[in-house]
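Dumped model.txt below, it's compact mmCIF, C-alpha atoms:
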```
# COMPACT_ATOMS: atom_id res chain seq x y z
CA MET A 1 -115.91 11.48 -26.92
CA LYS A 2 -115.79 7.69 -27.23
CA LEU A 3 -112.12 7.88 -28.27
CA MET A 4 -111.32 10.10 -25.25
CA LEU A 5 -112.97 7.62 -22.92
CA LEU A 6 -110.95 4.80 -24.43
CA VAL A 7 -107.72 6.77 -23.92
CA ILE A 8 -108.61 7.57 -20.30
CA SER A 9 -109.47 3.91 -19.68
CA PHE A 10 -106.17 2.78 -21.21
CA LEU A 11 -104.15 5.25 -19.11
CA PHE A 12 -105.97 4.19 -15.95
CA GLN A 13 -105.33 0.51 -16.63
CA THR A 14 -101.66 1.22 -17.42
CA ALA A 15 -101.21 3.17 -14.16
CA ALA A 16 -103.00 0.47 -12.20
CA PHE A 17 -100.81 -2.21 -13.73
CA ALA A 18 -97.63 -0.26 -12.96
CA GLN A 19 -98.82 0.24 -9.40
CA SER A 20 -99.63 -3.45 -9.02
CA VAL A 21 -96.19 -4.47 -10.31
CA ALA A 22 -94.36 -2.01 -8.03
CA GLY A 23 -96.59 -3.01 -5.13
CA GLU A 24 -95.98 -6.72 -5.69
CA GLU A 25 -92.21 -6.19 -5.80
CA ALA A 26 -92.33 -4.09 -2.62
CA VAL A 27 -94.50 -6.68 -0.83
CA GLN A 28 -92.14 -9.52 -1.77
CA ALA A 29 -89.25 -7.47 -0.41
CA LEU A 30 -91.22 -6.72 2.77
CA ASN A 31 -91.96 -10.39 3.36
CA GLN A 32 -88.27 -11.12 2.93
CA TYR A 33 -87.46 -8.44 5.53
CA LYS A 34 -90.07 -9.68 8.01
CA ASN A 35 -88.81 -13.25 7.68
CA GLY A 36 -85.46 -12.17 9.07
CA ALA A 37 -83.58 -11.57 5.82
CA LYS A 38 -83.41 -7.83 6.47
CA VAL A 39 -80.46 -6.89 4.26
CA SER A 40 -81.65 -8.76 1.18
CA GLY A 41 -85.20 -7.50 1.88
CA ILE A 42 -84.23 -3.84 1.81
CA GLU A 43 -81.86 -4.45 -1.10
CA ALA A 44 -84.83 -5.93 -2.98
CA LEU A 45 -87.00 -2.94 -2.08
CA LEU A 46 -84.41 -0.52 -3.46
CA ARG A 47 -84.39 -2.50 -6.71
CA VAL A 48 -88.08 -1.73 -7.35
CA SER A 49 -88.02 -0.14 -10.80
CA LYS A 50 -90.80 2.41 -10.23
CA PRO A 51 -90.83 3.26 -6.52
CA LYS A 52 -93.30 6.15 -6.98
CA GLN A 53 -95.85 3.54 -8.01
CA ILE A 54 -95.66 1.69 -4.67
CA PRO A 55 -99.19 1.85 -3.14
CA PRO A 56 -99.64 3.97 0.03
CA ASP A 57 -100.65 0.98 2.18
CA VAL A 58 -97.45 -0.89 1.23
CA LYS A 59 -95.38 2.20 2.03
CA SER A 60 -97.12 2.37 5.42
CA ASP A 61 -96.27 -1.28 6.09
CA TRP A 62 -92.60 -0.62 5.26
CA ASN A 63 -92.59 2.44 7.53
CA GLN A 64 -93.87 0.41 10.44
CA ALA A 65 -91.46 -2.46 9.79
CA THR A 66 -88.35 -0.25 9.80
CA GLU A 67 -89.43 2.10 12.59
CA LYS A 68 -87.34 0.37 15.27
CA ASP A 69 -84.54 -0.93 13.03
CA ASN A 70 -81.31 0.72 14.20
CA GLU A 71 -78.76 -1.48 12.46
CA THR A 72 -79.58 -2.67 8.96
CA TRP A 73 -78.85 0.64 7.21
CA LYS A 74 -75.14 0.05 7.76
CA GLN A 75 -75.08 -2.97 5.44
CA ILE A 76 -77.18 -1.70 2.53
CA GLY A 77 -75.11 -1.21 -0.62
CA THR A 78 -77.89 -0.72 -3.17
CA ARG A 79 -78.23 3.04 -3.40
CA TRP A 80 -81.22 4.88 -1.96
CA THR A 81 -82.56 7.52 -4.38
CA ALA A 82 -85.07 10.36 -3.99
CA PRO A 83 -88.04 8.45 -5.53
CA PHE A 84 -87.93 6.14 -2.47
CA SER A 85 -88.51 9.06 -0.11
CA GLY A 86 -91.30 8.27 2.34
CA VAL A 87 -91.23 4.50 1.80
CA LEU A 88 -89.00 3.70 4.78
CA ASP A 89 -89.34 5.06 8.30
CA GLY A 90 -88.02 8.64 8.46
CA ASN A 91 -85.26 7.90 10.96
CA PHE A 92 -84.20 4.81 9.01
CA GLU A 93 -84.23 6.75 5.73
CA ASN A 94 -82.06 9.54 7.17
CA HIS A 95 -79.54 7.07 8.49
CA LEU A 96 -79.47 5.17 5.21
CA ARG A 97 -78.95 8.38 3.23
CA ALA A 98 -76.12 9.46 5.53
CA TRP A 99 -74.43 6.06 5.56
CA GLN A 100 -74.48 5.87 1.76
CA LEU A 101 -73.19 9.42 1.26
CA ARG A 102 -69.94 9.87 -0.69
CA ALA A 103 -68.03 13.11 -1.14
CA ARG A 104 -68.31 12.70 -4.92
CA ASP A 105 -72.13 12.73 -4.61
CA ILE A 106 -72.09 16.36 -3.43
CA LYS A 107 -71.98 18.35 -6.65
CA SER A 108 -73.65 21.70 -5.97
CA SER A 109 -74.46 24.28 -3.32
CA ALA A 110 -77.94 22.77 -3.11
CA ASP A 111 -76.38 19.38 -2.36
CA GLU A 112 -74.24 20.97 0.35
CA ARG A 113 -77.31 22.51 1.98
CA SER A 114 -79.17 19.21 1.76
CA VAL A 115 -76.32 17.36 3.50
CA GLU A 116 -76.00 20.07 6.17
CA GLU A 117 -79.75 19.72 6.85
CA LEU A 118 -79.44 15.92 7.01
CA ILE A 119 -76.58 16.19 9.50
CA SER A 120 -78.65 18.52 11.70
CA VAL A 121 -81.40 15.93 12.23
CA LEU A 122 -79.17 12.93 12.93
CA PRO A 123 -78.38 11.88 16.53
CA GLU A 124 -75.27 13.42 18.08
CA ASN A 125 -72.15 11.20 18.09
CA GLY A 126 -73.95 8.62 15.97
CA ASP A 127 -71.97 6.84 13.26
CA ALA A 128 -74.31 8.05 10.50
CA LYS A 129 -73.87 11.69 11.51
CA THR A 130 -70.09 11.33 11.75
CA TRP A 131 -69.89 9.62 8.36
CA ALA A 132 -71.96 12.37 6.70
CA GLN A 133 -69.80 15.06 8.34
CA TRP A 134 -66.63 13.30 7.19
CA GLN A 135 -67.83 13.06 3.59
CA LEU A 136 -68.95 16.70 3.62
CA ALA A 137 -65.56 17.79 4.98
CA MET A 138 -63.79 15.82 2.23
CA HIS A 139 -66.03 17.49 -0.36
CA TYR A 140 -65.27 20.96 1.00
CA GLY A 141 -61.55 20.18 0.93
CA ILE A 142 -61.69 18.97 -2.69
CA GLU A 143 -63.57 22.14 -3.67
CA ASN A 144 -61.01 24.28 -1.80
CA LYS A 145 -63.70 25.55 0.58
CA THR A 146 -61.22 25.31 3.40
CA LYS A 147 -63.12 27.37 5.99
CA SER A 148 -66.16 25.13 5.65
CA ALA A 149 -63.94 22.04 5.75
CA SER A 150 -62.23 23.27 8.93
CA ARG A 151 -65.59 23.96 10.56
CA VAL A 152 -66.89 20.44 9.91
CA LEU A 153 -63.61 18.77 10.89
CA GLN A 154 -63.56 20.72 14.15
CA SER A 155 -67.07 19.44 14.90
CA ILE A 156 -65.80 15.89 14.47
CA LEU A 157 -62.80 16.56 16.70
CA ASP A 158 -65.03 18.08 19.40
CA SER A 159 -67.46 15.15 19.39
CA ASP A 160 -67.21 11.81 21.19
CA GLN A 161 -67.45 9.86 17.93
CA GLU A 162 -65.44 6.66 17.49
CA LEU A 163 -66.09 5.92 13.82
CA ILE A 164 -63.24 7.94 12.28
CA ASP A 165 -59.78 7.48 13.78
CA GLN A 166 -58.83 10.69 15.59
CA ASN A 167 -55.43 10.60 13.93
CA GLN A 168 -57.09 10.46 10.53
CA VAL A 169 -59.08 13.59 11.40
CA LEU A 170 -55.89 15.36 12.52
CA LEU A 171 -54.29 14.38 9.21
CA ALA A 172 -57.22 15.95 7.35
CA VAL A 173 -56.90 19.16 9.40
CA ALA A 174 -53.18 19.34 8.60
CA ARG A 175 -53.96 18.97 4.91
CA ILE A 176 -56.48 21.82 5.05
CA PHE A 177 -53.90 24.11 6.67
CA TYR A 178 -51.45 23.10 3.94
CA GLN A 179 -54.04 24.06 1.30
CA GLU A 180 -54.30 27.46 2.96
CA ASN A 181 -50.49 27.76 2.91
CA ARG A 182 -50.47 27.97 6.71
CA LEU A 183 -47.44 25.76 6.80
CA ASP A 184 -46.47 26.10 10.46
CA LEU A 185 -49.96 25.10 11.60
CA SER A 186 -49.99 22.27 9.08
CA ALA A 187 -46.68 20.94 10.41
CA LYS A 188 -47.98 21.25 13.97
CA TYR A 189 -50.98 19.03 13.23
CA PHE A 190 -48.91 16.53 11.26
CA ARG A 191 -46.70 16.15 14.32
CA MET A 192 -49.73 15.60 16.57
CA ILE A 193 -50.36 12.21 14.96
CA ASP A 194 -49.28 9.33 17.18
CA LYS A 195 -46.30 7.28 16.06
CA SER A 196 -48.30 4.18 16.89
CA SER A 197 -51.03 5.26 14.48
CA ASP A 198 -51.56 3.74 11.05
CA TYR A 199 -51.59 7.34 9.76
CA TRP A 200 -48.20 8.34 11.13
CA LEU A 201 -46.33 7.37 7.96
CA ASP A 202 -48.73 9.50 5.90
CA SER A 203 -48.01 12.46 8.16
CA VAL A 204 -44.25 12.07 7.79
CA GLU A 205 -44.48 11.89 4.00
CA GLU A 206 -46.86 14.83 3.73
CA ARG A 207 -45.03 17.13 6.09
CA ALA A 208 -41.99 16.59 3.84
CA TRP A 209 -43.88 18.66 1.28
CA ILE A 210 -43.85 21.55 3.74
CA THR A 211 -40.06 21.62 4.00
CA THR A 212 -39.82 21.17 0.22
CA LYS A 213 -42.03 24.22 -0.23
CA GLN A 214 -39.74 26.07 2.19
CA LYS A 215 -36.72 24.86 0.16
CA ALA A 216 -35.34 23.12 3.25
CA TYR A 217 -34.41 20.05 1.26
CA ASP A 218 -32.16 18.67 3.97
CA LYS A 219 -35.17 18.48 6.32
CA THR A 220 -37.24 16.94 3.54
CA LEU A 221 -34.73 14.14 3.18
CA ALA A 222 -34.66 13.68 6.94
CA ASP A 223 -38.38 12.83 6.83
CA LEU A 224 -38.11 10.77 3.67
CA THR A 225 -35.33 8.68 5.22
CA THR A 226 -38.16 7.36 7.38
CA THR A 227 -40.75 6.75 4.68
CA LEU A 228 -38.27 5.01 2.35
CA SER A 229 -36.95 2.72 5.06
CA SER A 230 -37.38 -0.99 4.40
CA LEU A 231 -39.52 -1.03 7.55
CA TRP A 232 -42.33 0.59 5.56
CA GLU A 233 -41.78 -1.13 2.23
CA ASN A 234 -45.40 -2.34 2.09
CA LYS A 235 -46.87 1.10 2.78
CA THR A 236 -44.56 3.61 1.12
CA GLY A 237 -46.14 5.21 -1.93
CA PRO A 238 -44.47 6.37 -5.16
CA GLU A 239 -44.70 10.03 -4.16
CA SER A 240 -42.05 9.57 -1.49
CA PHE A 241 -39.64 8.40 -4.18
CA PHE A 242 -40.30 11.39 -6.41
CA LEU A 243 -39.95 13.86 -3.55
CA ALA A 244 -36.71 12.25 -2.35
CA MET A 245 -35.26 12.30 -5.86
CA PHE A 246 -36.31 15.91 -6.40
CA SER A 247 -34.69 16.94 -3.10
CA ASN A 248 -31.53 15.05 -3.96
CA LEU A 249 -31.48 16.84 -7.31
CA LYS A 250 -31.57 20.15 -5.47
CA LEU A 251 -28.71 18.95 -3.25
CA CYS A 252 -26.70 17.53 -6.17
CA ASP A 253 -26.69 14.00 -4.79
CA TYR A 254 -26.93 12.38 -8.21
CA LYS A 255 -25.78 8.97 -7.08
CA ARG A 256 -28.67 8.79 -4.65
CA ILE A 257 -31.11 9.70 -7.44
CA PHE A 258 -30.04 6.67 -9.46
CA GLU A 259 -30.11 4.44 -6.39
CA LEU A 260 -33.68 5.54 -5.73
CA THR A 261 -34.63 4.94 -9.35
CA SER A 262 -33.37 1.39 -9.06
CA LEU A 263 -35.21 0.88 -5.75
CA PHE A 264 -38.41 2.32 -7.23
CA LYS A 265 -38.34 -0.17 -10.10
CA LYS A 266 -37.61 -3.03 -7.74
CA ARG A 267 -40.52 -2.20 -5.48
CA PHE A 268 -43.16 -1.08 -7.95
CA LEU A 269 -42.70 -3.04 -11.17
CA PRO A 270 -44.04 -6.31 -9.68
CA ARG A 271 -46.89 -4.37 -8.04
CA VAL A 272 -47.87 -2.79 -11.35
CA VAL A 273 -48.24 -6.22 -12.97
CA ALA A 274 -50.32 -7.53 -10.06
CA LEU A 275 -52.48 -4.39 -9.85
CA GLN A 276 -53.20 -4.48 -13.57
CA ASP A 277 -54.47 -8.02 -13.12
CA LEU A 278 -56.61 -6.95 -10.14
CA GLU A 279 -57.98 -4.00 -12.09
CA ARG A 280 -59.02 -6.35 -14.87
CA ARG A 281 -60.47 -9.16 -12.74
CA GLY A 282 -61.47 -7.48 -9.48
CA PHE A 283 -60.26 -10.51 -7.57
CA ASN A 284 -57.18 -12.43 -6.49
CA ASP A 285 -56.19 -14.61 -3.56
CA ALA A 286 -55.01 -11.60 -1.53
CA SER A 287 -58.28 -9.71 -2.07
CA GLN A 288 -60.20 -12.79 -0.92
CA TYR A 289 -58.11 -12.85 2.25
CA VAL A 290 -59.00 -9.20 2.95
CA ILE A 291 -62.73 -9.86 2.52
CA ASP A 292 -62.58 -13.00 4.68
CA GLU A 293 -60.88 -11.05 7.47
CA PHE A 294 -63.44 -8.23 7.26
CA LYS A 295 -66.28 -10.79 7.32
CA ASP A 296 -64.88 -12.20 10.56
CA GLY A 297 -64.63 -8.73 12.07
CA ASP A 298 -60.83 -8.79 12.01
CA HIS A 299 -58.29 -6.29 10.69
CA PRO A 300 -56.42 -7.76 7.69
CA LYS A 301 -52.69 -8.31 8.22
CA ILE A 302 -51.03 -7.26 4.98
CA ASN A 303 -47.65 -8.98 4.72
CA SER A 304 -45.15 -8.44 1.89
CA GLU A 305 -46.57 -11.19 -0.30
CA ARG A 306 -50.14 -9.87 -0.02
CA ALA A 307 -49.08 -6.22 -0.32
CA LEU A 308 -47.63 -6.99 -3.74
CA LYS A 309 -51.11 -7.92 -5.00
CA LEU A 310 -53.22 -5.31 -3.24
CA PRO A 311 -53.87 -1.57 -3.45
CA ARG A 312 -52.07 0.40 -0.78
CA PHE A 313 -54.04 0.88 2.46
CA VAL A 314 -56.79 -1.50 1.33
CA ASP A 315 -57.06 -2.60 4.94
CA ARG A 316 -58.39 0.88 5.80
CA ASP A 317 -61.16 0.90 3.22
CA GLU A 318 -64.46 1.48 5.00
CA LEU A 319 -66.57 0.67 1.93
CA LEU A 320 -64.97 -2.75 1.47
CA LYS A 321 -65.37 -3.45 5.16
CA ARG A 322 -69.08 -2.70 5.03
CA GLU A 323 -69.66 -4.75 1.90
CA ALA A 324 -67.81 -7.69 3.48
CA GLU A 325 -69.99 -7.44 6.58
CA ALA A 326 -73.10 -7.31 4.36
CA LEU A 327 -71.83 -10.34 2.44
CA GLN A 328 -71.53 -12.32 5.66
CA ILE A 329 -75.06 -11.37 6.72
CA VAL A 330 -76.64 -12.23 3.36
CA GLU A 331 -74.74 -15.52 3.21
CA ASP A 332 -76.28 -16.33 6.58
CA GLU A 333 -79.70 -15.24 5.26
CA GLN A 334 -79.21 -17.54 2.29
CA LYS A 335 -78.58 -20.49 4.59
CA GLU A 336 -81.64 -19.72 6.73
CA ASN A 337 -84.11 -18.62 4.07
CA GLY A 338 -82.51 -18.81 0.66
CA ASN A 339 -84.53 -17.67 -2.35
CA ALA A 340 -84.20 -15.61 -5.53
CA LEU A 341 -83.99 -12.33 -3.59
CA THR A 342 -81.06 -13.41 -1.43
CA SER A 343 -79.32 -14.84 -4.50
CA VAL A 344 -79.60 -11.53 -6.33
CA SER A 345 -78.33 -9.64 -3.27
CA LEU A 346 -75.36 -11.98 -2.96
CA MET A 347 -74.48 -11.48 -6.60
CA ASN A 348 -74.81 -7.70 -6.32
CA ILE A 349 -72.66 -7.50 -3.20
CA LYS A 350 -69.92 -9.61 -4.78
CA ASN A 351 -70.04 -7.42 -7.88
CA ARG A 352 -69.74 -4.26 -5.76
CA ILE A 353 -66.75 -5.75 -3.93
CA ALA A 354 -65.03 -6.59 -7.22
CA THR A 355 -65.81 -3.10 -8.55
CA ARG A 356 -64.33 -1.53 -5.44
CA PHE A 357 -61.11 -3.53 -5.78
CA LYS A 358 -60.91 -2.46 -9.42
CA GLN A 359 -61.35 1.19 -8.43
CA LEU A 360 -58.64 1.01 -5.78
CA ALA A 361 -56.24 -0.82 -8.11
CA ARG A 362 -56.86 1.77 -10.84
CA ALA A 363 -56.21 4.63 -8.41
CA ASP A 364 -52.89 3.08 -7.33
CA LEU A 365 -51.84 2.51 -10.94
CA GLU A 366 -52.63 6.11 -11.83
CA GLU A 367 -50.62 7.34 -8.85
CA ILE A 368 -47.64 5.17 -9.84
CA LYS A 369 -47.82 6.34 -13.45
CA LYS A 370 -48.05 10.02 -12.48
CA ASN A 371 -45.05 9.83 -10.17
CA LEU A 372 -43.05 7.69 -12.59
CA THR A 373 -43.36 10.46 -15.19
CA LYS A 374 -42.02 13.01 -12.71
CA ILE A 375 -39.25 10.64 -11.60
CA GLN A 376 -38.12 10.23 -15.20
CA LEU A 377 -37.94 14.02 -15.56
CA VAL A 378 -35.76 14.30 -12.43
CA GLU A 379 -33.49 11.53 -13.67
CA ALA A 380 -33.18 13.19 -17.08
CA GLU A 381 -32.33 16.52 -15.45
CA ALA A 382 -29.62 14.87 -13.35
CA ILE A 383 -28.08 13.21 -16.40
CA GLN A 384 -28.11 16.48 -18.32
CA ARG A 385 -26.44 18.38 -15.47
CA MET A 386 -23.73 15.77 -15.13
CA HIS A 387 -23.15 15.81 -18.87
CA LEU A 388 -22.95 19.61 -19.10
CA ASN A 389 -20.82 20.07 -16.01
CA PRO A 390 -18.51 17.13 -15.22
CA LYS A 391 -17.48 18.82 -11.95
CA LEU A 392 -21.01 18.38 -10.65
CA ALA A 393 -20.77 14.68 -11.32
CA GLU A 394 -18.02 14.54 -8.74
CA LYS A 395 -20.57 15.72 -6.16
CA LYS A 396 -22.85 12.75 -6.64
CA GLY A 397 -21.44 10.79 -3.69
CA ARG A 398 -23.29 10.02 -0.53
CA SER A 399 -24.66 12.85 1.57
CA LYS A 400 -23.76 12.95 5.23
CA ILE A 401 -26.47 12.62 7.83
CA SER A 402 -26.05 13.90 11.36
CA ASP A 403 -28.17 13.09 14.37
CA GLY A 404 -26.46 15.80 16.42
CA LEU A 405 -24.06 13.35 18.06
CA SER A 406 -22.32 11.60 15.22
CA THR A 407 -22.22 11.37 11.46
CA ILE A 408 -23.17 8.33 9.42
CA GLU A 409 -23.43 7.69 5.72
CA PHE A 410 -26.67 7.53 3.83
CA PRO A 411 -28.29 5.29 2.71
CA TYR A 412 -28.35 2.83 5.56
CA ASP A 413 -26.42 -0.41 5.12
CA GLU A 414 -27.03 -1.78 8.58
CA GLU A 415 -29.95 -2.48 10.88
CA VAL A 416 -32.46 0.36 11.27
CA TRP A 417 -33.97 1.22 14.63
CA LEU A 418 -37.43 2.83 14.64
CA ASP A 419 -36.55 5.19 17.49
CA GLU A 420 -33.69 6.61 15.45
CA LEU A 421 -35.78 7.29 12.35
CA ASP A 422 -37.43 10.67 11.97
CA ASN A 423 -34.51 12.38 13.79
CA TYR A 424 -31.80 12.74 11.15
CA HIS A 425 -30.73 15.88 9.26
CA VAL A 426 -28.80 15.93 6.02
CA ASP A 427 -25.66 18.05 5.71
CA ALA A 428 -25.92 19.43 2.17
CA ARG A 429 -23.45 22.31 2.34
CA GLY A 430 -21.47 23.00 -0.79
CA CYS A 431 -24.10 22.09 -3.40
CA PRO A 432 -24.37 24.74 -6.16
CA THR A 433 -28.16 24.58 -6.06
CA LYS A 434 -28.54 24.52 -2.27
CA GLY A 435 -31.70 26.40 -1.44
CA GLY A 436 -32.55 26.93 -5.10
```
Rewrite the structure of this file - the entire thing - as C-alpha cells.
Amino acid sequence: MKLMLLVISFLFQTAAFAQSVAGEEAVQALNQYKNGAKVSGIEALLRVSKPKQIPPDVKSDWNQATEKDNETWKQIGTRWTAPFSGVLDGNFENHLRAWQLRARDIKSSADERSVEELISVLPENGDAKTWAQWQLAMHYGIENKTKSASRVLQSILDSDQELIDQNQVLLAVARIFYQENRLDLSAKYFRMIDKSSDYWLDSVEERAWITTKQKAYDKTLADLTTTLSSLWENKTGPESFFLAMFSNLKLCDYKRIFELTSLFKKRFLPRVVALQDLERRGFNDASQYVIDEFKDGDHPKINSERALKLPRFVDRDELLKREAEALQIVEDEQKENGNALTSVSLMNIKNRIATRFKQLARADLEEIKKNLTKIQLVEAEAIQRMHLNPKLAEKKGRSKISDGLSTIEFPYDEEVWLDELDNYHVDARGCPTKGG
C-alpha cells in the first residue's frame, strides 16, 4: 500500500510539473501577444511541447485574447496541430487551420470530410474559406476525383472571392476537363484565359497537349511557336521544348529538332547550375530581392538576370509571400519589443523561407531532368531515322508557316509581334509520319 501511494504521489507530481511547464510557456507566449507582438506570440504558443498540459485558465485567457483577432492567422507559419484544439478562439482556430492547409495534408477520406466540414463553417467569400477550397480542389485533382474537383472549383468561380486569380481557377478547370479526356471543353476553358493574364502562357502550352493528343501536330507547333518565342524566355518551361521536338519528329522536321536542342541547352544549362546552388543554400541575391519585394507589398519584377537564378513562377508563390509578410511583421516586433521569443520566430521564418526556395528549386530541377531525358530520346530517334533512311534527312528543312494571308519561314529571324503570335499554322504536308 505504501509503495502504491508513493507511485501515485510521483505520478501526480510529474503531471503537475508538466502542466506547470506547459502553462508557463503558454503564459509567456500570451504576454508576448498582449504586448503587441502577436505573430511571435502565437508562434511561441504553437511551439509549446505539450499543449494538452496547458491549464484550463490559461486556455481561457488565450481564447479571450484571440476572440476579436481577424488578421494574425494569415502570418502564422508554425503549424497548428490537433493537440492545440480549444486553446485559441474557435473562429481564430478555424481560420488558422484553413490558412495553413496544403493539398498534400489531405491524405484520406476522413481528411476530406474534415476539410469539407471546416469549409462549411467559414465565412462566405473570406480568404480562409477560398484557400481551403482551393487546396481541397487541388487534392481532388491529384487523386483523380475530378467530379469533386469540378464541384469545388465551380464554387470558387461562383463566389465573389479575390484571393485566387480568376484566370488561375479557369486554368484548373481546363486541366480537370483534360483529365477527363473532355478535350473540347478543356480547350474552351484554356482559351477563356485573358492574354493579359500571367496564366495565359500556361494555357497556350497546356492546350498544345490537346492537339498533340489529337495528332494535330501542326496546331501543336502553332501554339508552341508562342511559348518558345524569345518574348517568354524567362517563363517558358522545359516541357514546351520536349513537346515541340516531339511534334517536329512527327512532322519530319529534323533540322528544327536539333535547333531546339541547341536552344534548350543555351537556356537551361546556366539555370541548372544556379538552381543547384539555390537548392543547396536556400538563398541567393535574386531570392533576397523577391523576399524584399514581398515584404514591401510589391510584386517582384523578374528580369532575365534574376530569372536565371530563380525557380520559374516564384513571383506567384503564395507561401513565400506570406512568410515574407510575416518576416516584416516580426522584424517590426523585434524593434519594438525584442526578446528571445521574437528572435526564435525570426530564425524560424527565415528557415522556412530558405526551405521553400529549396523546394521550388528542387521541383524545377526535377522537371528539367525529366524533360531532358525525353528530349534525348526524341533526338536519338531523329538521328536513327535519318541514318536508316537518307531520303528522310532531305526533309529536315524548315517547315512553312501560314497565317492565312502569306507564308513565312520558321523559326523567326526577325522581330516578333505579340499580336501575330498564337495565330500561325504549320504546313506539314508530305511528311511520311504525318498524323502518325
Using only C-alpha atoms - which residues lie no farther than 10 Å from the point (-35.3, 16.5, 3.3) in the file's frame? Write them as a ChimeraX atom specification. /A:208-212,215-225,243-244,246-248,251,424-426,428
Quote the spacing between CA of Leu118 (chain A) and CA of Val39 (chain A) in Å to one decimal place. 23.0 Å
Could you tell me how far CA of Lys266 (chain A) lies from CA of Ile291 (chain A), in Å and to one decimal? 28.0 Å
Residue nearest Gln28 (chain A) - candidates A:Ala380, A:Asn348, A:Ser108, A:Ala340, atoms counted: only C-alpha atoms: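 Nearest candidate to Gln28 (chain A) out of A:Ala380, A:Asn348, A:Ser108, A:Ala340: A:Ala340.
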Please measure the separation of CA of Thr81 (chain A) and CA of Glu93 (chain A), giving the value in Å to one decimal.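 Value for the CA of Thr81 (chain A)-CA of Glu93 (chain A) distance: 10.3 Å.
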Contacts of Asn284 (chain A) at 10 Å (only C-alpha atoms; same-chain gap of 5+ positions) as a ChimeraX atom specification: /A:274-275,277-278,289,306,309-310,354,357
Write out, as a short mmCIF file (atom, residue, chain, number, x, y, z; two decimals), keeping the file's coordinate frame, the residues just selected, with C-alpha atoms.
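The result, written out as out06.cif:
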```cif
data_model
loop_
_atom_site.label_atom_id
_atom_site.label_comp_id
_atom_site.auth_asym_id
_atom_site.auth_seq_id
_atom_site.Cartn_x
_atom_site.Cartn_y
_atom_site.Cartn_z
CA ALA A 274 -50.32 -7.53 -10.06
CA LEU A 275 -52.48 -4.39 -9.85
CA ASP A 277 -54.47 -8.02 -13.12
CA LEU A 278 -56.61 -6.95 -10.14
CA TYR A 289 -58.11 -12.85 2.25
CA ARG A 306 -50.14 -9.87 -0.02
CA LYS A 309 -51.11 -7.92 -5.00
CA LEU A 310 -53.22 -5.31 -3.24
CA ALA A 354 -65.03 -6.59 -7.22
CA PHE A 357 -61.11 -3.53 -5.78
#
```
Shell around Met138 (chain A) at 8 Å using all atoms listed in the file, local window under 3 positions removed, as a list of chain:residue names: A:Ala103, A:Trp134, A:Gln135, A:Gly141, A:Ile142, A:Ala149
Shell of 9 Å around region 159-165 of chain A, all atoms listed in the file, local chain residues under 6 positions omitted, as a PDB file with C-alpha atoms, in the coordinates of the input:
```pdb
ATOM      1  CA  GLU A 124     -75.270  13.420  18.080  1.00  0.00           C
ATOM      2  CA  ASN A 125     -72.150  11.200  18.090  1.00  0.00           C
ATOM      3  CA  GLY A 126     -73.950   8.620  15.970  1.00  0.00           C
ATOM      4  CA  ASP A 127     -71.970   6.840  13.260  1.00  0.00           C
ATOM      5  CA  THR A 130     -70.090  11.330  11.750  1.00  0.00           C
ATOM      6  CA  TRP A 131     -69.890   9.620   8.360  1.00  0.00           C
ATOM      7  CA  TRP A 134     -66.630  13.300   7.190  1.00  0.00           C
TER       8      TRP A 134
END
```
Find, counting all atoms listed in the file, the residue in A:Gln276, A:Thr342, A:Ser287, A:Asn371 that gets nearest to Lys321 (chain A).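 Among the listed residues, A:Ser287 lies closest to Lys321 (chain A).
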For Ile257 (chain A), the nearest of the candidates A:Glu381, A:Glu318, A:Glu333, A:Asp296, counting all atoms listed in the file: A:Glu381
Closest pair table for region 57-104 of chain A residues within 10 Å of region 41-46 of chain A, all atoms listed in the file, as CSV:
```
residue,atom,partner,partner_atom,distance
A:Trp62,CA,A:Leu45,CA,9.5
A:Thr66,CA,A:Ile42,CA,9.7
A:Thr72,CA,A:Ile42,CA,8.6
A:Trp73,CA,A:Ile42,CA,8.8
A:Gln75,CA,A:Glu43,CA,9.5
A:Ile76,CA,A:Glu43,CA,6.5
A:Gly77,CA,A:Glu43,CA,7.5
A:Thr78,CA,A:Glu43,CA,5.8
A:Arg79,CA,A:Leu46,CA,7.1
A:Trp80,CA,A:Leu46,CA,6.4
A:Thr81,CA,A:Leu46,CA,8.3
A:Pro83,CA,A:Leu46,CA,9.9
A:Phe84,CA,A:Leu46,CA,7.6
A:Val87,CA,A:Leu45,CA,9.4
A:Leu88,CA,A:Ile42,CA,9.4
```
I need the residue nearest Phe242 (chain A) from this list: A:Leu372, A:Leu319, A:Leu388, A:Val290. Use all atoms listed in the file for the distance.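 Once distances to Phe242 (chain A) are computed over all atoms listed in the file, the minimum belongs to A:Leu372.
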Quick one: of A:Glu305, A:Asp69, A:Glu206, A:Asp198, who's nearest to Ser186 (chain A), counting only C-alpha atoms? A:Glu206
Test item: axis-aligned box, all listed atoms of region 108-119 of chain A, 4 Å on each side, centre and edges in Å rounded to one decimal, as JSON:
```
{"center_x": -76.7, "center_y": 20.1, "center_z": 1.8, "size_x": 14.1, "size_y": 16.4, "size_z": 23.5}
```
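Counting all atoms listed in the file, the residue from A:Glu233, A:Glu71, A:Asp61, A:Asp332 that sits nearest to Asn303 (chain A) is A:Glu233.
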